[in-house]
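So this block is structure.txt, compact mmCIF, C-alpha atoms and all ligand atoms:
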# COMPACT_ATOMS: atom_id res chain seq x y z
CA MET Z 24 4.23 -64.50 53.71
CA ARG Z 25 0.64 -64.07 52.81
CA LYS Z 26 0.30 -61.02 55.06
CA LYS Z 27 3.28 -59.39 53.37
CA ASN Z 28 1.83 -59.95 49.93
CA GLY Z 29 -1.38 -58.29 51.06
CA GLU Z 30 0.54 -55.22 52.27
CA ILE Z 31 2.38 -54.96 48.97
CA VAL Z 32 -0.91 -55.04 47.08
CA TRP Z 33 -2.18 -52.20 49.24
CA ILE Z 34 0.97 -50.15 48.80
CA VAL Z 35 0.92 -50.68 45.03
CA ALA Z 36 -2.79 -49.72 44.93
CA ILE Z 37 -2.16 -46.51 46.88
CA LEU Z 38 0.86 -45.60 44.76
CA ALA Z 39 -1.17 -46.21 41.63
CA LEU Z 40 -3.90 -43.95 42.98
CA PHE Z 41 -1.39 -41.16 43.65
CA ALA Z 42 0.20 -41.61 40.25
CA GLY Z 43 -3.25 -41.53 38.64
CA ALA Z 44 -4.19 -38.37 40.53
CA GLY Z 45 -0.83 -36.89 39.53
CA ILE Z 46 -1.36 -37.67 35.88
CA PHE Z 47 -4.92 -36.34 36.08
CA ILE Z 48 -3.72 -33.06 37.61
CA TYR Z 49 -0.82 -32.87 35.16
CA LEU Z 50 -3.07 -33.30 32.14
CA SER Z 51 -6.14 -31.47 33.41
CA PRO Z 52 -6.91 -28.03 31.98
CA TYR Z 53 -7.66 -26.98 35.57
CA PHE Z 54 -4.01 -27.42 36.38
CA GLU Z 55 -2.30 -26.28 33.16
CA ARG Z 56 1.04 -24.53 33.49
CA GLU Z 57 1.19 -22.04 30.62
CA VAL Z 58 1.50 -18.40 31.65
CA PRO Z 59 -0.76 -15.86 29.87
CA VAL Z 60 0.84 -13.47 27.37
CA SER Z 61 0.41 -9.82 26.38
CA ASP Z 62 1.30 -8.38 22.98
CA LEU Z 63 2.99 -5.23 24.31
CA LYS Z 64 6.46 -4.82 22.92
CA THR Z 65 9.02 -2.48 24.31
CA PRO Z 66 9.26 0.46 23.97
CA ILE Z 67 5.79 1.89 23.57
CA TYR Z 68 5.40 5.38 22.15
CA TRP Z 69 2.22 6.97 23.38
CA ASN Z 70 0.73 10.43 23.27
CA PHE Z 71 -1.67 9.46 26.09
CA LYS Z 72 -4.50 10.77 23.88
CA THR Z 73 -5.15 8.06 21.29
CA PRO Z 74 -6.43 4.82 22.85
CA LEU Z 75 -3.83 2.15 23.55
CA LYS Z 76 -4.57 -1.33 22.24
CA ILE Z 77 -3.46 -4.38 24.18
CA ALA Z 78 -4.27 -8.04 23.57
CA LEU Z 79 -4.09 -10.56 26.41
CA LYS Z 80 -4.12 -14.28 25.68
CA ASP Z 81 -4.07 -17.58 27.52
CA ASN Z 82 -4.09 -21.12 26.17
CA ILE Z 83 -7.14 -22.05 28.34
CA ALA Z 84 -8.72 -18.94 29.88
CA VAL Z 85 -7.71 -15.44 30.96
CA GLY Z 86 -8.60 -14.56 34.55
CA LYS Z 87 -7.91 -11.33 36.40
CA TYR Z 88 -5.85 -8.56 34.84
CA LYS Z 89 -4.51 -5.15 35.80
CA ILE Z 90 -2.63 -2.65 33.65
CA GLU Z 91 -1.09 0.53 35.02
CA VAL Z 92 1.35 3.30 34.15
CA GLU Z 93 4.11 3.86 36.67
CA GLU Z 94 6.79 6.49 36.99
CA LYS Z 95 8.92 6.94 40.12
CA GLY Z 96 6.34 5.48 42.47
CA LYS Z 97 3.38 7.34 40.94
CA THR Z 98 0.82 5.09 39.30
CA THR Z 99 -2.27 5.46 37.16
CA ILE Z 100 -4.47 2.40 36.75
CA LEU Z 101 -5.63 1.95 33.16
CA VAL Z 102 -7.74 -1.11 33.79
CA ASP Z 103 -8.38 -3.59 36.59
CA GLY Z 104 -10.78 -6.38 35.74
CA GLU Z 105 -11.56 -10.00 35.18
CA ALA Z 106 -12.28 -11.79 31.92
CA ALA Z 107 -15.54 -13.62 31.36
CA LYS Z 108 -15.37 -17.38 32.05
CA GLY Z 109 -13.62 -19.36 29.34
CA GLN Z 110 -12.38 -16.29 27.44
CA LYS Z 111 -9.05 -17.12 25.81
CA GLU Z 112 -8.34 -13.75 24.26
CA LEU Z 113 -9.03 -10.19 25.33
CA ASN Z 114 -8.58 -7.16 23.09
CA LEU Z 115 -8.48 -4.11 25.29
CA THR Z 116 -8.69 -0.51 24.11
CA LEU Z 117 -7.47 1.67 26.95
CA THR Z 118 -7.80 5.40 27.32
CA TYR Z 119 -5.68 7.42 29.69
CA PRO Z 120 -7.66 9.23 32.42
CA LYS Z 121 -7.94 12.96 31.66
CA ASN Z 122 -6.40 14.45 34.78
CA ALA Z 123 -3.78 11.79 35.46
CA PHE Z 124 -0.07 12.71 35.49
CA LEU Z 125 1.87 12.63 32.21
CA PRO Z 126 5.16 10.77 32.57
CA THR Z 127 8.15 12.81 31.49
CA SER Z 128 11.17 10.64 32.30
CA SER Z 129 12.70 7.58 30.73
CA ASP Z 130 11.78 5.57 33.87
CA ALA Z 131 8.10 5.46 32.92
CA LYS Z 132 6.68 2.02 32.28
CA ILE Z 133 3.48 0.14 31.70
CA ILE Z 134 2.99 -2.77 34.08
CA VAL Z 135 0.83 -5.62 32.84
CA GLU Z 136 -0.36 -8.24 35.31
CA VAL Z 137 -2.52 -11.09 34.02
CA SER Z 138 -3.59 -14.35 35.62
CA ASP Z 139 -5.18 -17.35 33.99
CA ARG Z 140 -7.72 -19.68 35.62
CA SER Z 141 -5.37 -22.59 36.28
CA LEU Z 142 -5.01 -24.11 39.77
CA TRP Z 143 -1.48 -25.34 39.14
CA ASN Z 144 0.47 -23.09 41.51
CA PHE Z 145 -0.74 -24.68 44.77
CA PHE Z 146 -4.31 -23.99 43.72
CA GLY Z 147 -3.38 -20.50 42.45
CA PRO Z 148 -3.21 -19.30 38.81
CA ASN Z 149 -0.23 -18.84 36.47
CA LYS Z 150 0.66 -15.18 36.45
CA LEU Z 151 2.33 -12.89 33.96
CA LYS Z 152 3.90 -9.70 35.24
CA SER Z 153 5.64 -7.71 32.56
CA GLU Z 154 7.02 -4.21 32.52
CA VAL Z 155 7.27 -2.33 29.25
CA LYS Z 156 9.02 0.98 28.81
CA VAL Z 157 6.64 3.77 27.71
CA ILE Z 158 7.79 6.95 26.01
CA CYS Z 159 5.43 9.89 26.32
CA ASP Z 160 5.39 11.88 23.06
CA ILE Z 161 2.74 14.58 22.80
CA THR Z 162 4.51 16.71 20.18
CA PRO Z 163 3.31 16.23 16.60
CA PRO Z 164 5.90 16.25 13.78
CA THR Z 165 6.74 19.54 12.09
CA THR Z 166 5.95 19.61 8.37
CA SER Z 167 6.41 22.20 5.64
CA VAL Z 168 6.50 22.39 1.85
CA VAL Z 169 9.96 23.36 0.59
CA ALA Z 170 9.12 23.60 -3.13
CA SER Z 171 6.41 22.32 -5.44
CA SER Z 172 5.13 22.55 -9.01
CA TYR Z 173 3.06 25.70 -9.49
CA GLY Z 174 0.03 23.84 -10.73
CA ILE Z 175 -1.46 20.48 -11.49
CA ALA Z 176 -3.80 19.51 -14.33
CA LYS Z 177 -6.69 17.11 -14.12
CA GLY Z 178 -5.10 13.77 -15.01
CA GLY Z 179 -1.65 15.31 -14.62
CA SER Z 180 1.42 15.06 -12.39
CA ALA Z 181 3.30 17.41 -10.05
CA THR Z 182 6.39 17.38 -7.84
CA VAL Z 183 6.63 18.20 -4.13
CA VAL Z 184 9.71 18.54 -1.92
CA PHE Z 185 8.94 18.81 1.78
CA GLU Z 186 10.43 18.71 5.23
CA ALA Z 187 9.13 16.50 8.02
CA ARG Z 188 10.77 16.17 11.41
CA ASP Z 189 10.06 14.43 14.65
CA GLU Z 190 12.15 12.69 17.31
CA ASN Z 191 10.12 9.54 16.68
CA LEU Z 192 9.04 9.97 13.07
CA GLU Z 193 7.28 6.93 11.69
CA LYS Z 194 6.30 8.01 8.17
CA ALA Z 195 6.00 11.04 5.94
CA TYR Z 196 3.91 11.08 2.78
CA ILE Z 197 1.47 13.07 0.65
CA LYS Z 198 -2.24 12.63 1.22
CA THR Z 199 -4.85 13.89 -1.25
CA GLY Z 200 -8.28 15.26 -0.41
CA ASN Z 201 -9.72 12.05 -1.82
CA GLY Z 202 -7.69 9.96 0.59
CA ARG Z 203 -5.04 8.65 -1.79
CA VAL Z 204 -1.53 8.31 -0.37
CA PHE Z 205 1.63 9.03 -2.35
CA LYS Z 206 4.77 7.71 -0.69
CA ALA Z 207 7.78 9.97 -0.57
CA GLN Z 208 11.43 9.19 -1.21
CA PRO Z 209 14.28 10.67 0.88
CA PHE Z 210 15.72 13.86 -0.63
CA ILE Z 211 19.35 15.06 -0.51
CA LYS Z 212 19.46 15.62 3.25
CA LYS Z 213 17.94 13.98 6.33
CA GLY Z 214 14.47 15.30 7.16
CA PHE Z 215 13.65 16.17 3.54
CA TYR Z 216 11.55 14.17 1.11
CA VAL Z 217 10.46 14.28 -2.53
CA ALA Z 218 7.41 12.81 -4.24
CA LEU Z 219 5.56 12.89 -7.52
CA VAL Z 220 1.82 13.21 -7.08
CA ALA Z 221 -1.05 12.74 -9.52
CA TRP Z 222 -4.57 14.08 -9.99
CA GLU Z 223 -6.65 11.07 -10.95
CA LEU Z 224 -8.61 11.47 -14.14
CA LYS Z 225 -11.90 10.40 -12.54
CA GLU Z 226 -11.70 12.96 -9.69
CA ASP Z 227 -13.29 16.39 -10.25
CA ASN Z 228 -11.21 18.24 -7.67
CA PHE Z 229 -7.72 17.95 -6.32
CA SER Z 230 -6.11 18.97 -3.07
CA ALA Z 231 -3.10 17.55 -1.28
CA SER Z 232 -1.19 17.89 1.98
CA VAL Z 233 2.13 16.82 3.34
CA ALA Z 234 1.42 14.37 6.16
CA ALA Z 235 3.71 13.08 8.88
CA VAL Z 236 2.96 10.65 11.68
CA ASP Z 237 5.17 9.81 14.65
CA ARG Z 238 5.36 6.52 16.54
CA ALA Z 239 3.03 7.84 19.23
CA GLY Z 240 0.32 8.45 16.62
CA ASN Z 241 0.63 12.27 16.49
CA GLU Z 242 -0.13 13.48 12.97
CA SER Z 243 0.46 16.81 11.30
CA LEU Z 244 -0.61 18.12 7.91
CA ALA Z 245 0.69 20.97 5.74
CA PRO Z 246 -1.49 21.82 2.74
CA ILE Z 247 0.22 22.17 -0.64
CA GLY Z 248 -1.00 25.13 -2.67
CA PHE Z 249 -1.52 23.96 -6.24
CA PHE Z 250 -3.08 26.04 -8.98
CA GLN Z 251 -5.65 23.73 -10.55
CA LYS Z 252 -5.55 23.50 -14.32
CA SER Z 253 -8.61 22.06 -15.93
CA SER Z 254 -8.23 19.91 -18.99
CA VAL Z 255 -10.80 18.85 -21.50
CA TYR Z 256 -11.08 15.25 -22.54
CA LYS Z 257 -12.74 13.95 -25.65
CA ASP Z 258 -15.81 11.80 -26.05
CA THR Z 259 -15.53 9.24 -28.82
CA LYS Z 260 -18.00 6.79 -30.36
CA LEU Z 261 -16.89 3.31 -31.24
CA MET Z 262 -19.07 0.98 -33.30
CA LEU Z 263 -18.87 -2.71 -32.47
CA LYS Z 264 -18.55 -4.64 -35.73
CA ASP Z 265 -19.35 -8.32 -36.24
CA ASP Z 266 -15.89 -9.48 -37.25
CA PHE Z 267 -14.41 -7.74 -34.18
CA LEU Z 268 -16.94 -9.45 -31.91
CA ASN Z 269 -16.42 -12.80 -33.60
CA GLN Z 270 -12.64 -12.75 -33.53
CA LYS Z 271 -10.95 -10.52 -30.93
CA ILE Z 272 -13.76 -10.65 -28.38
CA MET Z 273 -14.21 -14.39 -28.83
CA GLU Z 274 -10.49 -14.87 -28.22
CA LEU Z 275 -10.29 -12.52 -25.19
CA SER Z 276 -13.39 -13.95 -23.51
CA SER Z 277 -12.03 -17.52 -23.43
CA SER Z 278 -11.82 -17.41 -19.61
CA MET Z 279 -15.54 -16.50 -19.35
CA LYS Z 280 -18.10 -19.02 -18.13
CA ALA Z 281 -20.24 -19.34 -21.23
CA ASP Z 282 -23.17 -21.48 -22.34
CA ALA Z 283 -25.46 -21.73 -25.36
CA LYS Z 284 -27.28 -18.54 -24.34
CA THR Z 285 -24.11 -16.42 -24.19
CA THR Z 286 -24.32 -13.70 -26.85
CA PRO Z 287 -21.47 -11.80 -28.53
CA LEU Z 288 -22.59 -8.76 -26.52
CA ASP Z 289 -22.26 -10.71 -23.23
CA ARG Z 290 -18.76 -11.60 -24.30
CA PHE Z 291 -17.92 -7.99 -25.16
CA LEU Z 292 -19.23 -6.81 -21.78
CA PHE Z 293 -17.14 -9.44 -20.02
CA VAL Z 294 -14.03 -8.23 -21.84
CA ASN Z 295 -14.67 -4.50 -21.52
CA ASN Z 296 -15.84 -4.56 -17.88
CA THR Z 297 -14.72 -7.66 -15.94
CA LEU Z 298 -11.47 -8.36 -17.74
CA ARG Z 299 -10.56 -4.65 -18.03
CA SER Z 300 -10.93 -4.09 -14.29
CA GLU Z 301 -8.88 -7.24 -13.50
CA ASN Z 302 -6.15 -6.06 -15.87
CA GLU Z 303 -6.15 -2.53 -14.42
CA LYS Z 304 -5.94 -3.94 -10.91
CA LEU Z 305 -2.80 -5.86 -11.88
CA ILE Z 306 -1.32 -2.70 -13.39
CA SER Z 307 -1.95 -0.67 -10.26
CA THR Z 308 -0.43 -3.45 -8.13
CA VAL Z 309 2.82 -3.59 -10.09
CA THR Z 310 3.15 0.20 -10.28
CA THR Z 311 2.69 1.32 -6.67
CA ARG Z 312 6.18 1.05 -5.25
CA VAL Z 313 8.72 3.82 -4.76
CA GLY Z 314 12.41 3.48 -3.95
CA ASP Z 315 13.97 4.22 -0.58
CA ASN Z 316 17.23 5.63 -1.93
CA ALA Z 317 17.93 9.37 -1.61
CA VAL Z 318 17.06 11.37 -4.72
CA ASP Z 319 19.01 14.42 -5.86
CA SER Z 320 17.99 14.72 -9.52
CA PHE Z 321 15.56 13.37 -12.11
CA PHE Z 322 15.38 12.93 -15.90
CA THR Z 323 15.42 16.04 -18.08
CA GLU Z 324 14.83 14.22 -21.39
CA PRO Z 325 11.24 13.61 -22.53
CA PHE Z 326 9.77 10.12 -22.19
CA LEU Z 327 9.31 9.27 -25.90
CA PRO Z 328 9.18 5.53 -26.65
CA ILE Z 329 8.95 5.44 -30.42
CA LYS Z 330 10.61 7.34 -33.26
CA LYS Z 331 8.20 8.40 -35.95
CA ALA Z 332 4.62 7.71 -35.09
CA SER Z 333 1.29 9.42 -35.21
CA VAL Z 334 -1.06 9.63 -32.29
CA VAL Z 335 -4.21 7.64 -33.05
CA GLY Z 336 -5.78 7.72 -29.58
CA SER Z 337 -5.30 10.24 -26.80
CA PHE Z 338 -5.22 10.07 -23.03
CA GLY Z 339 -8.45 10.47 -21.13
CA ASP Z 340 -10.78 9.82 -24.04
CA HIS Z 341 -14.16 8.77 -22.85
CA ARG Z 342 -15.21 5.96 -25.17
CA SER Z 343 -18.80 4.91 -25.74
CA TYR Z 344 -19.33 1.58 -27.43
CA TYR Z 345 -22.30 1.27 -29.79
CA LEU Z 346 -24.06 -1.83 -30.98
CA GLY Z 347 -26.36 -0.48 -33.66
CA ASN Z 348 -27.91 2.65 -32.14
CA ASP Z 349 -27.42 1.65 -28.49
CA VAL Z 350 -24.60 2.54 -26.15
CA VAL Z 351 -23.71 -0.80 -24.56
CA SER Z 352 -20.59 0.05 -22.58
CA GLU Z 353 -17.99 2.73 -21.92
CA SER Z 354 -14.38 3.12 -20.87
CA TYR Z 355 -11.68 5.72 -20.25
CA HIS Z 356 -8.59 5.46 -22.36
CA LYS Z 357 -5.70 5.72 -19.95
CA GLY Z 358 -2.81 6.10 -22.35
CA VAL Z 359 -1.75 7.38 -25.75
CA ASP Z 360 -1.97 5.20 -28.86
CA PHE Z 361 0.86 5.46 -31.36
CA ALA Z 362 0.74 3.91 -34.81
CA SER Z 363 3.65 3.71 -37.20
CA VAL Z 364 4.88 0.69 -39.17
CA LYS Z 365 4.00 -2.90 -38.29
CA GLU Z 366 6.11 -4.36 -35.48
CA ASP Z 367 7.96 -1.11 -34.94
CA VAL Z 368 10.70 -1.10 -32.30
CA ILE Z 369 9.76 0.41 -28.92
CA MET Z 370 12.66 1.96 -27.03
CA ALA Z 371 13.15 2.70 -23.34
CA PRO Z 372 12.34 6.43 -23.19
CA ASN Z 373 14.77 6.92 -20.29
CA ASN Z 374 16.82 4.63 -18.06
CA GLY Z 375 14.81 2.18 -16.02
CA VAL Z 376 14.21 -1.40 -15.00
CA VAL Z 377 11.74 -3.80 -16.61
CA ILE Z 378 9.36 -4.77 -13.82
CA PHE Z 379 6.77 -6.62 -15.91
CA ALA Z 380 6.86 -8.32 -19.33
CA ALA Z 381 3.98 -10.78 -19.80
CA PRO Z 382 0.44 -11.01 -21.21
CA ASN Z 383 -2.21 -8.97 -19.40
CA GLY Z 384 -5.67 -9.52 -20.91
CA ILE Z 385 -6.92 -6.58 -22.97
CA TYR Z 386 -3.45 -4.98 -22.80
CA GLY Z 387 -2.05 -8.00 -24.65
CA ASN Z 388 1.69 -8.53 -24.23
CA MET Z 389 2.53 -5.79 -21.76
CA SER Z 390 5.83 -4.39 -20.62
CA VAL Z 391 6.27 -1.97 -17.69
CA LEU Z 392 9.38 0.03 -16.83
CA TYR Z 393 10.20 1.71 -13.51
CA HIS Z 394 12.17 4.96 -13.72
CA GLY Z 395 12.45 5.88 -10.03
CA LEU Z 396 10.51 8.41 -7.91
CA GLY Z 397 7.31 6.41 -8.32
CA LEU Z 398 7.20 6.94 -12.12
CA PHE Z 399 6.38 4.05 -14.49
CA THR Z 400 5.86 3.68 -18.24
CA LEU Z 401 3.65 0.97 -19.76
CA TYR Z 402 3.60 -0.64 -23.22
CA GLY Z 403 0.54 -2.56 -24.38
CA HIS Z 404 -0.39 -4.73 -27.41
CA CYS Z 405 3.24 -5.75 -28.11
CA SER Z 406 3.99 -8.48 -30.64
CA SER Z 407 7.20 -9.50 -28.87
CA PHE Z 408 9.46 -8.53 -25.97
CA LEU Z 409 13.10 -7.51 -26.45
CA ALA Z 410 13.83 -7.09 -22.73
CA LYS Z 411 12.68 -9.34 -19.91
CA GLU Z 412 11.54 -8.78 -16.35
CA GLY Z 413 14.45 -7.67 -14.17
CA ASP Z 414 16.51 -6.19 -17.05
CA LEU Z 415 18.08 -2.80 -16.50
CA VAL Z 416 17.54 -0.79 -19.65
CA SER Z 417 19.11 2.45 -20.77
CA LYS Z 418 17.55 5.25 -22.80
CA GLY Z 419 17.08 4.19 -26.42
CA GLN Z 420 17.45 0.47 -25.79
CA PRO Z 421 14.84 -1.68 -27.63
CA ILE Z 422 12.40 -3.24 -25.15
CA ALA Z 423 9.59 -4.62 -27.34
CA LYS Z 424 7.90 -4.49 -30.73
CA THR Z 425 4.47 -3.02 -31.45
CA GLY Z 426 1.63 -5.37 -32.33
CA MET Z 427 -2.06 -5.98 -31.90
CA SER Z 428 -2.23 -8.46 -29.02
CA GLY Z 429 -5.07 -7.88 -26.57
CA LEU Z 430 -7.97 -5.50 -27.30
CA ALA Z 431 -6.46 -3.75 -30.35
CA PHE Z 432 -8.03 -2.99 -33.72
CA GLY Z 433 -4.69 -2.79 -35.51
CA ASP Z 434 -0.91 -2.75 -34.93
CA HIS Z 435 -0.14 0.08 -32.48
CA LEU Z 436 1.50 0.92 -29.19
CA HIS Z 437 -0.63 1.71 -26.17
CA TYR Z 438 1.67 3.88 -24.06
CA GLY Z 439 0.84 4.65 -20.46
CA VAL Z 440 2.62 6.75 -17.82
CA LEU Z 441 1.85 6.09 -14.15
CA VAL Z 442 2.66 7.80 -10.89
CA GLN Z 443 2.40 5.30 -8.02
CA GLY Z 444 -0.43 3.37 -9.63
CA VAL Z 445 -2.27 6.37 -11.10
CA GLU Z 446 -2.43 6.70 -14.90
CA VAL Z 447 -1.38 10.24 -15.85
CA ARG Z 448 -1.22 12.40 -18.99
CA PRO Z 449 1.72 11.13 -21.07
CA LEU Z 450 1.67 14.48 -22.95
CA GLU Z 451 3.30 16.19 -19.98
CA TRP Z 452 6.11 13.66 -19.94
CA PHE Z 453 6.67 14.08 -23.73
CA ASP Z 454 7.36 17.76 -23.19
CA ALA Z 455 10.93 18.67 -22.14
CA ASN Z 456 9.76 22.11 -21.10
CA TRP Z 457 6.99 20.72 -18.88
CA ILE Z 458 9.48 18.35 -17.20
CA LYS Z 459 11.87 21.24 -16.63
CA LEU Z 460 9.24 23.52 -15.09
CA ASN Z 461 7.41 20.91 -13.06
CA VAL Z 462 10.07 18.45 -11.98
CA THR Z 463 13.73 19.41 -12.40
CA LYS Z 464 13.24 23.10 -11.54
CA VAL Z 465 11.34 22.15 -8.37
CA ILE Z 466 14.15 19.80 -7.35
CA ASP Z 467 16.84 22.44 -8.06
CA GLU Z 468 14.90 25.14 -6.23
CA ALA Z 469 14.52 22.86 -3.20
CA LYS Z 470 18.25 22.10 -3.24
CA ASN Z 471 19.05 25.82 -3.23
CA ILE Z 472 16.65 26.54 -0.38
CA ILE Z 473 18.05 23.68 1.71
CA ALA Z 474 21.67 24.73 0.98
CA GLY Z 475 20.82 28.33 1.93
CA ARG Z 476 19.46 27.25 5.33
CA LYS Z 477 22.73 25.54 6.29
ZN ZN Z 501 -4.62 2.50 -26.12
Please express what this file holds, its structure, as structure tokens.
Ligand SMILES: [Zn+2]
Amino acid sequence: MRKKNGEIVWIVAILALFAGAGIFIYLSPYFEREVPVSDLKTPIYWNFKTPLKIALKDNIAVGKYKIEVEEKGKTTILVDGEAAKGQKELNLTLTYPKNAFLPTSSDAKIIVEVSDRSLWNFFGPNKLKSEVKVICDITPPTTSVVASSYGIAKGGSATVVFEARDENLEKAYIKTGNGRVFKAQPFIKKGFYVALVAWELKEDNFSASVAAVDRAGNESLAPIGFFQKSSVYKDTKLMLKDDFLNQKIMELSSSMKADAKTTPLDRFLFVNNTLRSENEKLISTVTTRVGDNAVDSFFTEPFLPIKKASVVGSFGDHRSYYLGNDVVSESYHKGVDFASVKEDVIMAPNNGVVIFAAPNGIYGNMSVLYHGLGLFTLYGHCSSFLAKEGDLVSKGQPIAKTGMSGLAFGDHLHYGVLVQGVEVRPLEWFDANWIKLNVTKVIDEAKNIIAGRK
């Protein structure tokens, strides 16, 4: 009996040892079971010129890896290496060897083989082997301008209709010489696009090209020939008066960190610089979208928001602020100021949708309408709103009342027109003849050209 008990103790001890070793192996990072991953998703479009980016990851450590292109038994090795010890993530940038074959068929694939450093598989690593289809595309898109406005003014707008085609087109847009991108909306027929573009007030020169990029990264550009119209903007002096500093500026600078040493001038600078740039940032954020519906026409009626009013401030004015004899700050006025009677009714100048109706710092109660094709109108200093965010409004419908909320000296409407986030000359959009020549005529001309091509 005693002997038997002794044997059982031994057996239990040995079993426990095995179980312990098992648990140790099971839980040990040396024996983990997770297979490494690659971020390649099928299919890959590649022009075999721009570098190909691949990320390899493992939960513990990446080991050896090999990536190659294969087509009908022919292979080109892109990389064959081993990660440094303990490296969990590898971001590879691979270039295709210059004289290697270019795959032409739909059988071509990229083969990714990655091991980790685990000893789980009978003292061998966990391995990933994945095959991803690769499509060789070395042909850039074709791009051309179909019709465009004859000219563009500094601070002004223009229309472009263009064609962009590619088997694997990713995006087509307008790019300016200063690097700004204007998105395009589909035009009447597949392969054609329309966009409004703008020459930013602060830029001295303007140039623009139609740009198209395919999924393989091939890009093509077609310059748009615009006649450049210069425009002269005014310089105005504004004196900072005590009651203005003590009331309006006091009120608008409430979010400023102030102490006993904070002067009225500090407060004014906070409002005119810090707050202004925050408010303008918000405006450019809400006004950058364009639709994705196909466009075949645009408004012919001028964008006039108020009935009888006189212009008391014009677009593009460079304003210098004086405290006594010193210039203490400056700004550009990016809209037109209209004054009429107190709390006058502001009407939607054309059909649109209210995309913003809320306070915005120096702009006071601000309403913004979207009219399609990347065009927005903005209403500042309102005393009240008559249409709320999300409302569809038709031409002539009351949307707000004028007031003096925000940085305003008296009851007036600050009216802005924006093309994809860029403040433009409202004067152009007040002029039915300008709209006809620069927008609707361009659209009609493009339609005729496209119809004529069949
Ligand atoms: Zn204004």
Selection within 12 Å of ligand ZN 501 (chain Z) by only C-alpha atoms and all ligand atoms, output as an MDAnalysis selection string:
chainID Z and resid 334:342 354:362 385:387 389 401:405 425:440 449
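With only C-alpha atoms as the atoms that count, the minimum distance from Arg312 of chain Z to the choices Z:Leu398, Z:Ala235, Z:Ile329, Z:Ala131 is reached by Z:Leu398.
Going from atom CA of Arg203 of chain Z to atom CA of Leu219 of chain Z covers 12.8 Å.
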Between atom CA of Ala455 of chain Z and atom CA of Asp467 of chain Z, what is the spacing in Å?
15.7 Å
Could you work out how far atom CA of Asp130 of chain Z lies from atom CA of Val92 of chain Z, giving the answer in Å with one decimal?
10.7 Å
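Residues in contact with Asp349 of chain Z at up to 12 Å, not including ones fewer than 6 positions away on its chain and judged by only C-alpha atoms, are Lys260, Leu261, Met262, Leu263, Leu288 and Ser343 of chain Z.
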Neighbours of point (18.9, -1.7, -23.2) within 12 Å, using only C-alpha atoms, written as an NGL selection string
:Z and (369-377 or 392 or 408-411 or 413-423)
Using only C-alpha atoms, which residues sit within 10 Å of Trp69 of chain Z once same-chain residues fewer than 6 positions away are excluded, as an mmCIF file with C-alpha atoms, keeping the file's coordinate frame?
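Now in around-v4.cif:
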data_model
loop_
_atom_site.group_PDB
_atom_site.id
_atom_site.type_symbol
_atom_site.label_atom_id
_atom_site.label_comp_id
_atom_site.auth_asym_id
_atom_site.auth_seq_id
_atom_site.Cartn_x
_atom_site.Cartn_y
_atom_site.Cartn_z
ATOM 1 C CA LEU Z 75 -3.830 2.150 23.550
ATOM 2 C CA VAL Z 157 6.640 3.770 27.710
ATOM 3 C CA ILE Z 158 7.790 6.950 26.010
ATOM 4 C CA CYS Z 159 5.430 9.890 26.320
ATOM 5 C CA ASP Z 160 5.390 11.880 23.060
ATOM 6 C CA ILE Z 161 2.740 14.580 22.800
ATOM 7 C CA ASP Z 237 5.170 9.810 14.650
ATOM 8 C CA ARG Z 238 5.360 6.520 16.540
ATOM 9 C CA ALA Z 239 3.030 7.840 19.230
ATOM 10 C CA GLY Z 240 0.320 8.450 16.620
ATOM 11 C CA ASN Z 241 0.630 12.270 16.490
#
So which residues touch Lys198 of chain Z within 9 Å, counting all atoms listed in the file, skipping near sequence neighbours fewer than 6 positions away, as a short mmCIF file (atom, residue, chain, number, x, y, z; two decimals) with C-alpha atoms, in the frame of the given file?
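Result saved to out.cif:
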data_model
loop_
_atom_site.label_atom_id
_atom_site.label_comp_id
_atom_site.auth_asym_id
_atom_site.auth_seq_id
_atom_site.Cartn_x
_atom_site.Cartn_y
_atom_site.Cartn_z
CA VAL Z 204 -1.53 8.31 -0.37
CA PHE Z 205 1.63 9.03 -2.35
CA LYS Z 206 4.77 7.71 -0.69
CA SER Z 230 -6.11 18.97 -3.07
CA ALA Z 231 -3.10 17.55 -1.28
CA SER Z 232 -1.19 17.89 1.98
CA VAL Z 233 2.13 16.82 3.34
CA ALA Z 234 1.42 14.37 6.16
CA LEU Z 244 -0.61 18.12 7.91
#
Env of segment 112-121 of chain Z: 7 Å cut, atoms = all atoms listed in the file, seq-sep filter 5 positions within chain, self excluded. Answer as a PyMOL selection string.
chain Z and resi 71-72+74-81+85+101
Using only C-alpha atoms, I'd like a table of the residues in segment 265-341 of chain Z that come within 8 Å of segment 458-465 of chain Z; for each, show the closest atom pair and its distance in Å rounded to one decimal, ordered by chain and ascending number, as CSV.
residue,atom,partner,partner_atom,distance
Z:Ser320,CA,Z:Thr463,CA,7.0
Z:Phe321,CA,Z:Thr463,CA,6.3
Z:Phe322,CA,Z:Thr463,CA,7.5
Z:Thr323,CA,Z:Ile458,CA,6.4
Z:Glu324,CA,Z:Ile458,CA,8.0
Z:Pro325,CA,Z:Ile458,CA,7.3
Centre and edge lengths of an axis-aligned box around all listed atoms of segment 231-243 of chain Z, with 5 Å added on each side, are to be given in Å to one decimal, as lines of an AutoDock Vina configuration file.
center_x = 1.1
center_y = 12.2
center_z = 9.0
size_x = 18.5
size_y = 21.4
size_z = 30.5
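The nearest approach to Ala380 of chain Z among the residues Z:Ser407, Z:Ser253, Z:Thr182, Z:Asn228, with only C-alpha atoms taken into account, belongs to Z:Ser407.
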Pick from Z:Ser276, Z:Ser390, Z:Gln443, Z:Thr310: nearest to Asn295 of chain Z, with only C-alpha atoms counted?
Z:Ser276
